[in-house]
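Here's entry_33.cif, which has mmCIF, C-alpha atoms and all ligand atoms:
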data_work
loop_
_atom_site.group_PDB
_atom_site.id
_atom_site.type_symbol
_atom_site.label_atom_id
_atom_site.label_comp_id
_atom_site.auth_asym_id
_atom_site.auth_seq_id
_atom_site.Cartn_x
_atom_site.Cartn_y
_atom_site.Cartn_z
ATOM 1 C CA MET A 1 60.219 141.322 50.851
ATOM 2 C CA PRO A 2 62.758 140.548 53.610
ATOM 3 C CA THR A 3 64.032 136.958 53.493
ATOM 4 C CA SER A 4 62.959 136.362 57.123
ATOM 5 C CA ALA A 5 59.314 136.551 56.008
ATOM 6 C CA LYS A 6 59.285 132.859 55.043
ATOM 7 C CA LYS A 7 55.808 131.805 53.972
ATOM 8 C CA VAL A 8 53.895 130.128 56.806
ATOM 9 C CA PRO A 9 50.816 128.062 55.841
ATOM 10 C CA GLU A 10 47.425 129.163 57.174
ATOM 11 C CA THR A 11 46.385 125.715 58.313
ATOM 12 C CA LEU A 12 48.990 125.063 60.996
ATOM 13 C CA ALA A 13 48.574 123.177 64.243
ATOM 14 C CA ILE A 14 51.023 121.682 66.698
ATOM 15 C CA GLY A 15 50.867 117.974 67.423
ATOM 16 C CA CYS A 16 52.653 116.490 70.365
ATOM 17 C CA ASP A 17 53.143 112.818 71.255
ATOM 18 C CA VAL A 18 54.053 112.307 74.903
ATOM 19 C CA GLY A 19 55.366 108.760 75.263
ATOM 20 C CA GLY A 20 56.955 106.898 78.153
ATOM 21 C CA THR A 21 60.517 107.807 77.174
ATOM 22 C CA SER A 22 60.402 110.626 74.683
ATOM 23 C CA THR A 23 58.150 113.479 73.691
ATOM 24 C CA ARG A 24 57.909 114.405 70.023
ATOM 25 C CA LEU A 25 56.415 117.645 68.787
ATOM 26 C CA ALA A 26 55.699 118.875 65.296
ATOM 27 C CA LEU A 27 54.319 121.972 63.674
ATOM 28 C CA VAL A 28 52.059 120.496 61.003
ATOM 29 C CA ASP A 29 50.284 121.875 57.970
ATOM 30 C CA THR A 30 46.993 120.102 58.654
ATOM 31 C CA ASP A 31 45.850 120.565 55.083
ATOM 32 C CA THR A 32 48.515 118.238 53.756
ATOM 33 C CA GLY A 33 50.041 116.482 56.784
ATOM 34 C CA ARG A 34 53.414 118.073 56.040
ATOM 35 C CA ILE A 35 55.654 118.533 59.080
ATOM 36 C CA VAL A 36 56.998 122.089 58.972
ATOM 37 C CA GLU A 37 59.252 121.785 62.002
ATOM 38 C CA ALA A 38 59.854 119.042 64.576
ATOM 39 C CA ARG A 39 61.304 118.909 68.068
ATOM 40 C CA ARG A 40 61.914 116.206 70.613
ATOM 41 C CA HIS A 41 62.893 115.910 74.284
ATOM 42 C CA PRO A 42 62.989 113.230 77.031
ATOM 43 C CA SER A 43 59.594 112.780 78.742
ATOM 44 C CA GLN A 44 60.633 113.142 82.412
ATOM 45 C CA ALA A 45 58.834 110.001 83.538
ATOM 46 C CA GLY A 46 58.034 110.213 87.243
ATOM 47 C CA ASP A 47 58.165 114.024 87.360
ATOM 48 C CA TYR A 48 55.069 115.659 85.877
ATOM 49 C CA ARG A 49 56.147 119.234 86.718
ATOM 50 C CA ALA A 50 59.506 118.815 84.938
ATOM 51 C CA GLY A 51 57.761 117.147 81.992
ATOM 52 C CA LEU A 52 55.265 119.997 81.775
ATOM 53 C CA ALA A 53 58.039 122.616 81.861
ATOM 54 C CA ALA A 54 59.920 120.891 79.014
ATOM 55 C CA LEU A 55 56.678 120.668 77.032
ATOM 56 C CA VAL A 56 55.939 124.372 77.490
ATOM 57 C CA VAL A 57 59.439 125.337 76.239
ATOM 58 C CA ASP A 58 59.105 123.360 72.994
ATOM 59 C CA LEU A 59 55.456 124.335 72.405
ATOM 60 C CA TYR A 60 56.362 127.981 72.853
ATOM 61 C CA ALA A 61 59.248 127.592 70.388
ATOM 62 C CA LEU A 62 56.980 126.009 67.759
ATOM 63 C CA ARG A 63 54.334 128.717 68.169
ATOM 64 C CA LYS A 64 57.134 131.215 67.586
ATOM 65 C CA VAL A 65 57.922 129.511 64.281
ATOM 66 C CA ALA A 66 54.205 129.646 63.386
ATOM 67 C CA ARG A 67 54.143 133.332 64.418
ATOM 68 C CA ARG A 68 50.726 132.917 65.970
ATOM 69 C CA LYS A 69 48.787 131.052 68.645
ATOM 70 C CA VAL A 70 48.117 127.912 66.595
ATOM 71 C CA PRO A 71 46.006 125.160 68.225
ATOM 72 C CA ILE A 72 47.881 122.488 70.162
ATOM 73 C CA GLY A 73 46.967 118.797 70.282
ATOM 74 C CA ILE A 74 48.553 116.454 72.799
ATOM 75 C CA ALA A 75 48.483 112.668 72.382
ATOM 76 C CA ILE A 76 49.581 111.164 75.664
ATOM 77 C CA ALA A 77 50.327 107.628 76.865
ATOM 78 C CA ALA A 78 47.677 107.770 79.566
ATOM 79 C CA GLN A 79 44.084 107.025 80.425
ATOM 80 C CA LEU A 80 42.242 110.332 80.520
ATOM 81 C CA ASP A 81 39.353 111.692 82.535
ATOM 82 C CA PRO A 82 35.969 111.713 80.767
ATOM 83 C CA LEU A 83 36.338 115.370 79.724
ATOM 84 C CA ARG A 84 39.875 114.738 78.451
ATOM 85 C CA ARG A 85 41.547 117.419 80.573
ATOM 86 C CA LYS A 86 43.652 115.252 82.895
ATOM 87 C CA ALA A 87 46.010 112.309 82.491
ATOM 88 C CA LEU A 88 44.556 110.107 85.225
ATOM 89 C CA VAL A 89 46.661 106.977 84.947
ATOM 90 C CA SER A 90 49.913 106.641 83.073
ATOM 91 C CA PRO A 91 52.011 103.607 83.995
ATOM 92 C CA ASN A 92 54.630 104.485 81.348
ATOM 93 C CA LEU A 93 55.060 108.111 82.368
ATOM 94 C CA GLN A 94 54.373 107.595 86.067
ATOM 95 C CA TRP A 95 52.179 110.697 85.970
ATOM 96 C CA TRP A 96 48.972 110.453 87.983
ATOM 97 C CA ASN A 97 46.015 112.863 87.988
ATOM 98 C CA ALA A 98 48.042 115.334 85.930
ATOM 99 C CA PRO A 99 45.857 118.353 84.946
ATOM 100 C CA ILE A 100 47.757 118.770 81.687
ATOM 101 C CA ALA A 101 45.107 120.638 79.658
ATOM 102 C CA ASP A 102 44.539 123.285 82.351
ATOM 103 C CA ASP A 103 48.263 123.688 82.990
ATOM 104 C CA LEU A 104 49.093 124.139 79.297
ATOM 105 C CA GLU A 105 46.175 126.512 78.846
ATOM 106 C CA ALA A 106 47.390 128.634 81.783
ATOM 107 C CA ALA A 107 50.950 128.687 80.411
ATOM 108 C CA LEU A 108 50.259 129.133 76.701
ATOM 109 C CA GLY A 109 46.595 130.007 76.054
ATOM 110 C CA GLY A 110 44.680 129.115 72.923
ATOM 111 C CA VAL A 111 43.174 125.762 71.968
ATOM 112 C CA ILE A 112 44.631 122.780 73.833
ATOM 113 C CA ALA A 113 43.171 119.387 72.838
ATOM 114 C CA ILE A 114 44.160 116.211 74.668
ATOM 115 C CA GLU A 115 43.789 112.624 73.508
ATOM 116 C CA ASN A 116 45.060 109.246 74.541
ATOM 117 C CA ASP A 117 48.137 108.280 72.451
ATOM 118 C CA VAL A 118 46.627 105.319 70.631
ATOM 119 C CA ARG A 119 43.446 107.189 69.713
ATOM 120 C CA GLY A 120 45.689 110.090 68.690
ATOM 121 C CA ALA A 121 47.516 107.755 66.301
ATOM 122 C CA ALA A 122 44.139 106.603 64.932
ATOM 123 C CA HIS A 123 43.233 110.259 64.252
ATOM 124 C CA GLY A 124 46.499 110.485 62.289
ATOM 125 C CA GLU A 125 45.848 107.350 60.226
ATOM 126 C CA LEU A 126 42.280 108.497 59.569
ATOM 127 C CA ARG A 127 43.218 111.972 58.426
ATOM 128 C CA PHE A 128 46.553 111.387 56.673
ATOM 129 C CA GLY A 129 47.356 107.665 56.582
ATOM 130 C CA ALA A 130 45.991 104.174 55.983
ATOM 131 C CA LEU A 131 42.381 104.966 56.954
ATOM 132 C CA ARG A 132 41.983 108.010 54.709
ATOM 133 C CA GLY A 133 38.582 108.021 53.099
ATOM 134 C CA VAL A 134 36.846 105.931 55.780
ATOM 135 C CA THR A 135 33.400 107.399 56.379
ATOM 136 C CA GLY A 136 31.799 104.598 58.409
ATOM 137 C CA THR A 137 33.257 102.094 60.867
ATOM 138 C CA ALA A 138 36.888 101.073 61.242
ATOM 139 C CA ALA A 139 39.309 100.134 63.992
ATOM 140 C CA SER A 140 42.976 100.249 64.785
ATOM 141 C CA VAL A 141 45.050 97.703 66.642
ATOM 142 C CA PHE A 142 48.548 98.738 67.679
ATOM 143 C CA TRP A 143 50.492 95.650 68.733
ATOM 144 C CA GLY A 144 53.819 96.544 70.291
ATOM 145 C CA SER A 145 55.153 96.300 73.850
ATOM 146 C CA GLY A 146 51.532 96.871 74.855
ATOM 147 C CA ILE A 147 48.349 96.497 72.820
ATOM 148 C CA GLY A 148 46.144 99.503 72.151
ATOM 149 C CA GLY A 149 43.449 100.398 69.721
ATOM 150 C CA ALA A 150 40.685 102.677 68.643
ATOM 151 C CA VAL A 151 37.199 102.359 67.265
ATOM 152 C CA ILE A 152 35.966 104.619 64.507
ATOM 153 C CA ALA A 153 32.268 105.140 63.805
ATOM 154 C CA CYS A 154 30.701 107.542 61.308
ATOM 155 C CA GLY A 155 34.249 108.384 60.206
ATOM 156 C CA GLN A 156 35.175 109.661 63.701
ATOM 157 C CA VAL A 157 37.474 108.228 66.356
ATOM 158 C CA GLN A 158 35.248 107.364 69.322
ATOM 159 C CA ALA A 159 36.413 108.396 72.784
ATOM 160 C CA GLY A 160 33.541 106.641 74.553
ATOM 161 C CA SER A 161 31.596 107.729 77.634
ATOM 162 C CA LEU A 162 34.602 107.625 79.992
ATOM 163 C CA SER A 163 37.214 108.371 77.288
ATOM 164 C CA ILE A 164 38.513 104.819 77.447
ATOM 165 C CA ALA A 165 37.034 103.367 74.241
ATOM 166 C CA GLY A 166 39.237 101.076 72.187
ATOM 167 C CA GLU A 167 41.314 99.487 74.950
ATOM 168 C CA VAL A 168 41.514 96.258 72.954
ATOM 169 C CA GLY A 169 44.618 95.072 74.831
ATOM 170 C CA HIS A 170 42.641 94.993 78.056
ATOM 171 C CA MET A 171 39.705 92.953 76.842
ATOM 172 C CA THR A 172 39.701 89.558 78.550
ATOM 173 C CA TYR A 173 41.354 86.656 76.792
ATOM 174 C CA GLU A 174 41.230 84.247 79.739
ATOM 175 C CA ALA A 175 38.961 84.785 82.729
ATOM 176 C CA GLY A 176 40.993 84.831 85.949
ATOM 177 C CA GLY A 177 44.221 84.441 83.962
ATOM 178 C CA ILE A 178 47.598 86.168 84.140
ATOM 179 C CA ALA A 179 47.696 89.453 86.095
ATOM 180 C CA CYS A 180 47.933 92.469 83.771
ATOM 181 C CA GLY A 181 49.634 95.819 84.424
ATOM 182 C CA CYS A 182 46.203 97.493 84.183
ATOM 183 C CA GLY A 183 45.033 95.900 87.438
ATOM 184 C CA LYS A 184 42.794 93.148 86.076
ATOM 185 C CA ARG A 185 43.511 89.587 85.040
ATOM 186 C CA GLY A 186 43.556 87.676 81.803
ATOM 187 C CA CYS A 187 43.948 90.623 79.378
ATOM 188 C CA TYR A 188 45.211 90.004 75.829
ATOM 189 C CA GLU A 189 48.146 92.273 76.615
ATOM 190 C CA ALA A 190 49.214 90.023 79.505
ATOM 191 C CA TYR A 191 49.558 87.113 77.045
ATOM 192 C CA ILE A 192 50.790 88.557 73.770
ATOM 193 C CA GLY A 193 51.893 92.157 74.380
ATOM 194 C CA GLY A 194 55.612 92.596 73.636
ATOM 195 C CA HIS A 195 56.558 92.620 77.323
ATOM 196 C CA ALA A 196 54.570 89.426 77.907
ATOM 197 C CA LEU A 197 56.176 87.736 74.905
ATOM 198 C CA THR A 198 59.728 88.562 76.020
ATOM 199 C CA ARG A 199 58.885 87.157 79.477
ATOM 200 C CA ARG A 200 57.649 83.965 77.829
ATOM 201 C CA MET A 201 60.815 83.789 75.696
ATOM 202 C CA ARG A 202 62.922 83.739 78.846
ATOM 203 C CA ARG A 203 60.736 81.150 80.543
ATOM 204 C CA ARG A 204 60.799 78.848 77.548
ATOM 205 C CA GLY A 205 64.549 79.200 76.992
ATOM 206 C CA ILE A 206 64.173 80.943 73.622
ATOM 207 C CA GLU A 207 67.333 82.812 72.674
ATOM 208 C CA GLY A 208 67.305 86.583 72.207
ATOM 209 C CA ARG A 209 66.011 89.514 74.217
ATOM 210 C CA THR A 210 63.442 91.259 72.051
ATOM 211 C CA THR A 211 60.328 90.314 70.118
ATOM 212 C CA ARG A 212 62.304 91.173 66.985
ATOM 213 C CA ASP A 213 64.740 88.373 67.973
ATOM 214 C CA LEU A 214 61.745 86.098 68.529
ATOM 215 C CA PHE A 215 60.260 86.688 65.079
ATOM 216 C CA THR A 216 63.683 86.362 63.421
ATOM 217 C CA ALA A 217 64.261 83.013 65.159
ATOM 218 C CA ALA A 218 60.774 81.842 64.159
ATOM 219 C CA ARG A 219 61.468 82.750 60.533
ATOM 220 C CA ARG A 220 64.701 80.756 60.717
ATOM 221 C CA GLY A 221 62.523 77.819 61.737
ATOM 222 C CA GLU A 222 63.655 77.522 65.357
ATOM 223 C CA ARG A 223 61.059 75.254 66.872
ATOM 224 C CA LYS A 224 60.373 76.902 70.252
ATOM 225 C CA ALA A 225 60.351 80.400 68.766
ATOM 226 C CA LYS A 226 58.002 79.343 65.993
ATOM 227 C CA LYS A 227 55.640 77.713 68.484
ATOM 228 C CA LEU A 228 55.419 80.885 70.572
ATOM 229 C CA VAL A 229 54.905 83.088 67.499
ATOM 230 C CA ASP A 230 52.173 80.749 66.223
ATOM 231 C CA GLU A 231 50.433 80.868 69.607
ATOM 232 C CA ALA A 232 50.591 84.674 69.679
ATOM 233 C CA LEU A 233 49.278 84.954 66.122
ATOM 234 C CA ALA A 234 46.414 82.566 66.855
ATOM 235 C CA ILE A 235 45.374 84.679 69.838
ATOM 236 C CA MET A 236 45.647 87.993 67.973
ATOM 237 C CA GLY A 237 43.932 86.501 64.923
ATOM 238 C CA GLN A 238 40.963 85.560 67.080
ATOM 239 C CA HIS A 239 40.914 89.012 68.681
ATOM 240 C CA VAL A 240 41.014 90.965 65.408
ATOM 241 C CA GLY A 241 38.469 88.595 63.861
ATOM 242 C CA ASN A 242 36.071 89.198 66.756
ATOM 243 C CA LEU A 243 36.578 92.934 66.410
ATOM 244 C CA ALA A 244 35.695 92.712 62.715
ATOM 245 C CA THR A 245 32.573 90.703 63.536
ATOM 246 C CA LEU A 246 31.510 93.288 66.117
ATOM 247 C CA ILE A 247 31.839 96.439 64.017
ATOM 248 C CA ASP A 248 31.707 95.247 60.361
ATOM 249 C CA PRO A 249 34.528 97.661 59.414
ATOM 250 C CA GLU A 250 35.533 99.313 56.160
ATOM 251 C CA ALA A 251 39.098 98.620 57.283
ATOM 252 C CA ILE A 252 41.177 97.690 60.298
ATOM 253 C CA VAL A 253 44.595 99.288 60.514
ATOM 254 C CA ILE A 254 47.357 97.267 62.147
ATOM 255 C CA GLY A 255 50.337 99.080 63.637
ATOM 256 C CA GLY A 256 52.975 98.716 66.322
ATOM 257 C CA SER A 257 56.314 96.944 65.995
ATOM 258 C CA ILE A 258 54.880 93.412 66.295
ATOM 259 C CA GLY A 259 51.767 94.196 64.238
ATOM 260 C CA LEU A 260 53.861 95.442 61.330
ATOM 261 C CA THR A 261 56.385 92.579 61.562
ATOM 262 C CA ALA A 262 53.655 89.926 61.704
ATOM 263 C CA PHE A 263 51.239 91.657 59.321
ATOM 264 C CA SER A 264 51.048 88.995 56.565
ATOM 265 C CA ALA A 265 50.840 86.091 58.997
ATOM 266 C CA LEU A 266 48.171 87.945 60.966
ATOM 267 C CA GLN A 267 46.027 88.275 57.844
ATOM 268 C CA GLN A 268 45.996 84.476 57.637
ATOM 269 C CA ALA A 269 45.404 84.063 61.373
ATOM 270 C CA VAL A 270 42.323 86.319 61.312
ATOM 271 C CA ARG A 271 40.583 84.436 58.521
ATOM 272 C CA PRO A 272 39.058 81.483 60.451
ATOM 273 C CA HIS A 273 37.458 83.925 62.901
ATOM 274 C CA LEU A 274 35.548 85.908 60.307
ATOM 275 C CA LEU A 275 31.942 85.329 59.367
ATOM 276 C CA VAL A 276 31.792 83.432 56.091
ATOM 277 C CA VAL A 277 30.310 86.404 54.200
ATOM 278 C CA ARG A 278 33.202 88.548 55.441
ATOM 279 C CA ARG A 279 36.013 86.178 54.365
ATOM 280 C CA GLY A 280 38.266 87.614 51.702
ATOM 281 C CA LYS A 281 36.585 90.973 52.229
ATOM 282 C CA LEU A 282 38.284 92.262 55.370
ATOM 283 C CA ARG A 283 40.525 95.179 54.471
ATOM 284 C CA LEU A 284 43.412 94.806 56.903
ATOM 285 C CA VAL A 285 45.899 97.617 56.249
ATOM 286 C CA ARG A 286 49.310 98.492 57.608
ATOM 287 C CA ALA A 287 49.645 101.701 59.624
ATOM 288 C CA ALA A 288 51.221 104.162 57.217
ATOM 289 C CA LEU A 289 52.539 107.000 59.369
ATOM 290 C CA GLY A 290 55.052 105.151 61.538
ATOM 291 C CA ASP A 291 56.415 107.207 64.434
ATOM 292 C CA ASN A 292 54.650 110.315 63.140
ATOM 293 C CA SER A 293 51.100 109.002 63.603
ATOM 294 C CA GLY A 294 50.819 110.542 67.097
ATOM 295 C CA VAL A 295 52.044 114.040 66.233
ATOM 296 C CA LEU A 296 50.036 114.145 63.000
ATOM 297 C CA GLY A 297 46.894 112.842 64.712
ATOM 298 C CA ALA A 298 47.214 115.275 67.607
ATOM 299 C CA ALA A 299 47.643 118.160 65.166
ATOM 300 C CA ALA A 300 44.569 117.014 63.202
ATOM 301 C CA LEU A 301 42.562 116.804 66.408
ATOM 302 C CA ALA A 302 43.669 120.275 67.505
ATOM 303 C CA SER A 303 42.781 121.839 64.164
ATOM 304 C CA ALA A 304 39.343 120.181 64.288
ATOM 305 C CA GLN A 305 38.707 121.734 67.706
ATOM 306 C CA ALA A 306 40.015 125.198 66.787
HETATM 307 ZN ZN ZN B 401 44.965 94.729 81.206
#
Reformat the file's structure so that it appears as structure tokens.
Ligand SMILES: [Zn+2]
Amino acid sequence: MPTSAKKVPETLAIGCDVGGTSTRLALVDTDTGRIVEARRHPSQAGDYRAGLAALVVDLYALRKVARRKVPIGIAIAAQLDPLRRKALVSPNLQWWNAPIADDLEAALGGVIAIENDVRGAAHGELRFGALRGVTGTAASVFWGSGIGGAVIACGQVQAGSLSIAGEVGHMTYEAGGIACGCGKRGCYEAYIGGHALTRRMRRRGIEGRTTRDLFTAARRGERKAKKLVDEALAIMGQHVGNLATLIDPEAIVIGGSIGLTAFSALQQAVRPHLLVVRRGKLRLVRAALGDNSGVLGAAALASAQA
């Protein structure tokens, strides 16, 4: 047998995670979650056509490695249309009304599945990560510069009727409160998303530039930093507790840079907001796939639709 005939698994799909700054792609064996080959390029924020062209080049290259038209899943930092064909609103990418599914289908053919990035990550955690084995209800909360999430019912990530289910960062914390980037007021994200927290650091004269600096200062016992961290944890604790009360989950997975940093403290902060019968029984788990959750989830989604 010639050496070029390297064995290619039968269960391949391509997963792609289109974020605000970079786009990651991976050819994945969806049986095991193993990444066979990965690629990455800048996302071309503000220029959908250039972004699409870069995407097509890398997708084509990965299909060449697979030696067949494997299904493609795209997890994108955008709100999608109800049929999940277009990226309607993407503040991070500055792409609006982008018909990404149709454009990729025209360029490449085959199965093209699109999902919002946070729900894509939930697909990944469900299939290969911290939520493996969940057959009923669960949720994810990704707490980073923004706050996103997903709701799982009957062991499936729910898109909802308008494909906007799970926007936990844009539920209202304070009616008529701080203006949020999403266009409404008082959202959780506007108070305790990473961007909001760094703004509050500056206003309160807390040293450092990033939320990592904030949590480090709080751990060192710096009073103003600790106060802000405690406030943020109290708010997120209430939010996650309410979510648990709403869906009675098998597990809630916590991800994102802040979620993972604050994981232990968050477990404590959630407790007072749980129904008494639920206390000590909420399985809060850390997201397990890190930066690969999007590509793995998108690949899983694509293989399910193939
Ligand atoms: Zn909002």
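Here the PyMOL selection byres (((not hetatm)) within 7 of (chain B and resi 401)) captures the residues Gly169, His170, Cys180, Gly181, Cys182, Gly183, Lys184, Arg185, Cys187, Glu189 and Ala190 of chain A.
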Tell me, as a ChimeraX atom specification, which residues lie within 8 Å of range 247-259 of chain A, counting all atoms listed in the file; anything in the same chain fewer than 2 positions away does not count.
/A:130-131,134,136-145,194,211-212,243-245,261-263,266,282-287,290
Coordinates-based distance that separates CA of Glu167 in chain A from CA of Arg119 in chain A (Å, one decimal)
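Taking CA of Arg119 in chain A as the start and CA of Glu167 in chain A as the end point, the length is 9.6 Å.
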With only C-alpha atoms as the basis for distance, which of A:Leu260, A:Ala175, A:Ala98, A:Ala26 is at the shortest distance from Ala300 in chain A?
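That would be A:Ala26, the residue with the smallest distance to Ala300 in chain A.
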Would you kindly translate the PyMOL selection byres (((chain A and resi 235) around 10) and not hetatm) into the concrete residues it picks from this file, as a PyMOL selection string?
chain A and resi 173+188+191-192+229-234+236-241+266+269-270
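Here the question is which of A:Val295, A:Leu289, A:Leu246, A:Ala265 gets nearest to Asp17 in chain A using all atoms listed in the file, and that residue is A:Val295.
Evaluated on this file, the PyMOL selection byres (((chain A and resi 73-86) around 6) and not hetatm) matches Gly15, Cys16, Asp17, Val18, Gly19, Ile72, Ala87, Leu88, Val89, Ser90, Ala98, Pro99, Ile100, Ala101, Ile112, Ala113, Ile114, Glu115, Asn116, Asp117, Gly120, Leu162, Ser163, Ala298, Ala299 and Ala302 of chain A.
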With all atoms listed in the file counted and 12 Å as the cut-off, give the residues of range 82-125 of chain A in contact with range 28-37 of chain A, each with its shortest interatomic distance in Å and the pair that gives it, as a Markdown table.
| residue | atom | partner | partner_atom | distance |
| --- | --- | --- | --- | --- |
| A:His123 | CA | A:Gly33 | CA | 11.9 |
| A:Gly124 | CA | A:Gly33 | CA | 8.9 |
| A:Glu125 | CA | A:Gly33 | CA | 10.6 |
All file atoms of range 183-190 of chain A boxed axis-aligned, 5 Å per side, centre plus edges, as JSON:
{"center_x": 46.0, "center_y": 91.8, "center_z": 81.6, "size_x": 16.4, "size_y": 18.2, "size_z": 21.6}
